[in-house]
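Here is the structure we will look at, set down as structure tokens.
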Amino acid sequence: MTRSKHKRTARSWRRIAVLFASTSVALAAIPAIASAATTTAFVSNAPVKGPFNSCAQPGYNSIQAAVSANPAKSTIHVCAGTYEEQVVVEKQDTIAADPGSTLKIPASVTGTKSPCAKETEEQDLLMVCTGGKVSISGLTLDGAWPTGTCNDELYTVMAGGGVKLTLTGSTVKHAGAVPLNGCQGGVGLRIGRKFTGQVATAKLTNDTVEGYQKEGIEVDGPGSSAKISGVTVTGIGPTAEIAQNGIQISRGAAAKISGSTVTGNECNDVSGSPPCGSNPLEEVQSAGVLIFGQASGVKVSSSNISKNDIGIYYATGLESPAPSESTAATMKGNTLEENRYEGMVLEEGTAKVNNNSIVGNGKANVGIMLLQFGGNALGLKASGKGDAITGMTKCAVEGLSDKEAADKQETLTLKSSLSKFSGNTQPQCNNNEAKIFLSIS
């Protein structure tokens with residue numbers, strides 16, 4: 001595939017670069033050594049030797065070999081060391097890694113061979129494809145594809161096939177080409193994928209995701225869901241290569257995010273058409289948390305979402321066909337600090353925003369923006385209580401519209417909030433009072 005900097009899908013290109021990514025492949029492994037009765041298989045860089053029951057005397061030098069040779073519900077104990085291979089897990093297993101254990105993309109990467117890999121170009125470092133439960137803990141996953149790789153289907157971890165994935169205390173170190181090159185491939189964790197019919201659920205706890213090209217975590221497609229807690233997602237921004245997104249919840253998927261940190265998703269690319277910039281009607285921006293076309297019940301709470309272009313972007317209708325306007329999401333008790341353009345952007349659907357602290361420190365334009373763009377498929381009904389907005393250089397709350405005749409009505413009602421506004425250039429501004437109604441008390 002030729003190198004490209006394409007960044008936008010049709011409906012989202014003027015606002016957020018909305019993307020999805022792909023997966024990986026199983027590598028050749030050494031012959032099976034451990035007996036069929038073994039329930040714990042040791043993988044180590046030490047020489048394979050009996051009794052095959054420790055890091056000093058392992059049964060395997062390859063994670064894939066251990067997975068392939070042992071029955072379902074085995075524990076694959078990964079000892080400290082680096083394992084350059086792509087791995088496919090297609091049965092219920094536990095992968096328990098010691099500190100210092102790294103699964104790394106090999107120098108020569110191949111397409112993933114799995115029923116969950118529906119596209120020939122898909123490459124994954126780790127593919128999990130099973131209707132059962134898979135648990136992974138303590139593993140570092142280094143998805144640093146070779147310099148110059150341009151493939152939209154690159155995933156460090158891909159979960160599909162109805163799997164129930166638990167990932168704990170693990171690190172996704174890279175996802176996609178290193179250094180960044182502007183191509184759309186490179187997602188750290190993909191949970192389900194609507195376009196290929198893949199469904200997955202995940203529980204992500206105390207994990208770290210960083211160094212991704214396009215997105216840190218993506219939960220996508222009807223039936224897919226995730227519970228994300230204590231997770232840190234860090235982009236490479238500001239970058240002139242691509243509009244990254246930290247966490248994406250999209251196309252019928254659901255998620256609950258709590259106690260997590262999302263930062264560093266800022267786009268400085270001025271070469272695109274449209275470029276990245278501060279005006280969401282005309283330019284692309286990156287989001288810490290991007291929610292669009294989602295299932296009802298999405299919740300973002302008690303999290304720190306800071307130093308992105310936009311903290312949280314919410315647009316139920318940014319999908320075709322659009323879900324119902326009653327499809328609701330809740331943003332509660334979050335700290336959104338120094339997101340340089342907007343703390344939150346609310347475009348379509350039903351949103352509740354309660355007790356959030358949105359802090360500009362003179363480095364952010366708007367606290368909460370109601371965006372009306374392109375003849376929205378749905379209107380917006382947003383309400384909140386107890387939100388504090390301080391230090392915005394433009395407005396605490398803004399209604400911004402392209403004033404197309406087809407734009408739907410948008411409303412935001414905030415209670416017990418105005419007294420908590422301080423240090424903003426203006427409490428509110430609105431360029432379309434006929435169709436954007438702001439009520440703040």
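We name chains A, B, ... following the order of the structure tokens; residues begin at 1 in each chain, and ligands are numbered from 1 as shown.
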Determine which residues of region 364-412 of chain A receive a DSSP assignment of strand (DSSP E or B), computed from the backbone, and state them as a ChimeraX atom specification. /A:364-372,380-385,388-401,410-412
Tell me which protein, DNA and RNA residues are within 9 Å of Leu204 (chain A), counting only C-alpha atoms, leaving out same-chain ones fewer than 6 positions away, and put them as a list in words.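 In the requested format, the answer is Leu165, Thr166, Leu167, Thr168, Gly169, Ala226, Lys227, Ile228, Ser229, Gly230 and Val231 of chain A.
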Name all residues at most 6 Å from region 389-400 of chain A (count only C-alpha atoms; drop same-chain ones fewer than 4 positions away) and give them as number ranges by chain. A: 358-362, 364-371, 421-431
Do you know which residues are at most 8 Å from Ile242 (chain A) counting only C-alpha atoms, after dropping those on the same chain fewer than 4 positions away, and could you put them as a PyMOL selection string? chain A and resi 5+7+180-183+213-214+267-269
Atoms to include: N, CA and C atoms. Write the selected residues as a PDB file, in the first residue's frame.
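As a result, out_21.pdb now contains:
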ATOM      1  N   LYS A   5      -1.504  10.098   3.973  1.00  0.00           N
ATOM      2  CA  LYS A   5      -1.857  10.806   5.203  1.00  0.00           C
ATOM      3  C   LYS A   5      -3.360  10.974   5.313  1.00  0.00           C
ATOM      4  N   LYS A   7      -6.928  10.980   6.657  1.00  0.00           N
ATOM      5  CA  LYS A   7      -7.238  11.025   8.085  1.00  0.00           C
ATOM      6  C   LYS A   7      -8.722  11.014   8.392  1.00  0.00           C
ATOM      7  N   LEU A 180       5.596   7.765  13.753  1.00  0.00           N
ATOM      8  CA  LEU A 180       4.323   7.998  13.089  1.00  0.00           C
ATOM      9  C   LEU A 180       4.533   8.470  11.657  1.00  0.00           C
ATOM     10  N   ASN A 181       3.598   8.060  10.770  1.00  0.00           N
ATOM     11  CA  ASN A 181       3.731   8.485   9.380  1.00  0.00           C
ATOM     12  C   ASN A 181       2.430   9.004   8.773  1.00  0.00           C
ATOM     13  N   GLY A 182       1.366   9.139   9.575  1.00  0.00           N
ATOM     14  CA  GLY A 182       0.135   9.716   9.077  1.00  0.00           C
ATOM     15  C   GLY A 182      -0.837   8.733   8.477  1.00  0.00           C
ATOM     16  N   CYS A 183      -0.465   7.446   8.324  1.00  0.00           N
ATOM     17  CA  CYS A 183      -1.405   6.448   7.830  1.00  0.00           C
ATOM     18  C   CYS A 183      -2.383   6.073   8.949  1.00  0.00           C
ATOM     19  N   GLN A 213      -0.493   4.985  16.855  1.00  0.00           N
ATOM     20  CA  GLN A 213      -0.586   5.913  15.738  1.00  0.00           C
ATOM     21  C   GLN A 213      -1.981   6.517  15.619  1.00  0.00           C
ATOM     22  N   LYS A 214      -3.043   5.695  15.636  1.00  0.00           N
ATOM     23  CA  LYS A 214      -4.384   6.227  15.393  1.00  0.00           C
ATOM     24  C   LYS A 214      -5.219   6.312  16.662  1.00  0.00           C
ATOM     25  N   CYS A 267      -3.570  17.378  17.539  1.00  0.00           N
ATOM     26  CA  CYS A 267      -3.168  17.328  16.139  1.00  0.00           C
ATOM     27  C   CYS A 267      -2.705  18.692  15.646  1.00  0.00           C
ATOM     28  N   ASN A 268      -1.506  18.737  15.067  1.00  0.00           N
ATOM     29  CA  ASN A 268      -0.951  19.970  14.503  1.00  0.00           C
ATOM     30  C   ASN A 268      -0.769  19.890  12.992  1.00  0.00           C
ATOM     31  N   ASP A 269      -1.387  18.919  12.344  1.00  0.00           N
ATOM     32  CA  ASP A 269      -1.211  18.759  10.903  1.00  0.00           C
ATOM     33  C   ASP A 269      -1.976  19.844  10.151  1.00  0.00           C
TER      34      ASP A 269
END
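For the pair CA of Val284 (chain A) and CA of Ile305 (chain A), the separation is 18.8 Å.
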Excluding Lys415 (chain A) and any residue of its chain fewer than 4 positions from it, enumerate the residues within 8 Å of it, using only C-alpha atoms, and give them as a PyMOL selection string. chain A and resi 384-386+440-441
The selected residues should be written to file as an mmCIF file, in the first residue's frame (atoms: C-alpha atoms).
data_model
loop_
_atom_site.group_PDB
_atom_site.id
_atom_site.type_symbol
_atom_site.label_atom_id
_atom_site.label_comp_id
_atom_site.auth_asym_id
_atom_site.auth_seq_id
_atom_site.Cartn_x
_atom_site.Cartn_y
_atom_site.Cartn_z
ATOM 1 C CA GLY A 384 -26.236 18.879 33.830
ATOM 2 C CA LYS A 385 -25.886 19.935 37.428
ATOM 3 C CA GLY A 386 -22.973 21.196 39.470
ATOM 4 C CA ILE A 440 -27.408 28.184 32.707
ATOM 5 C CA SER A 441 -28.274 28.901 36.328
#
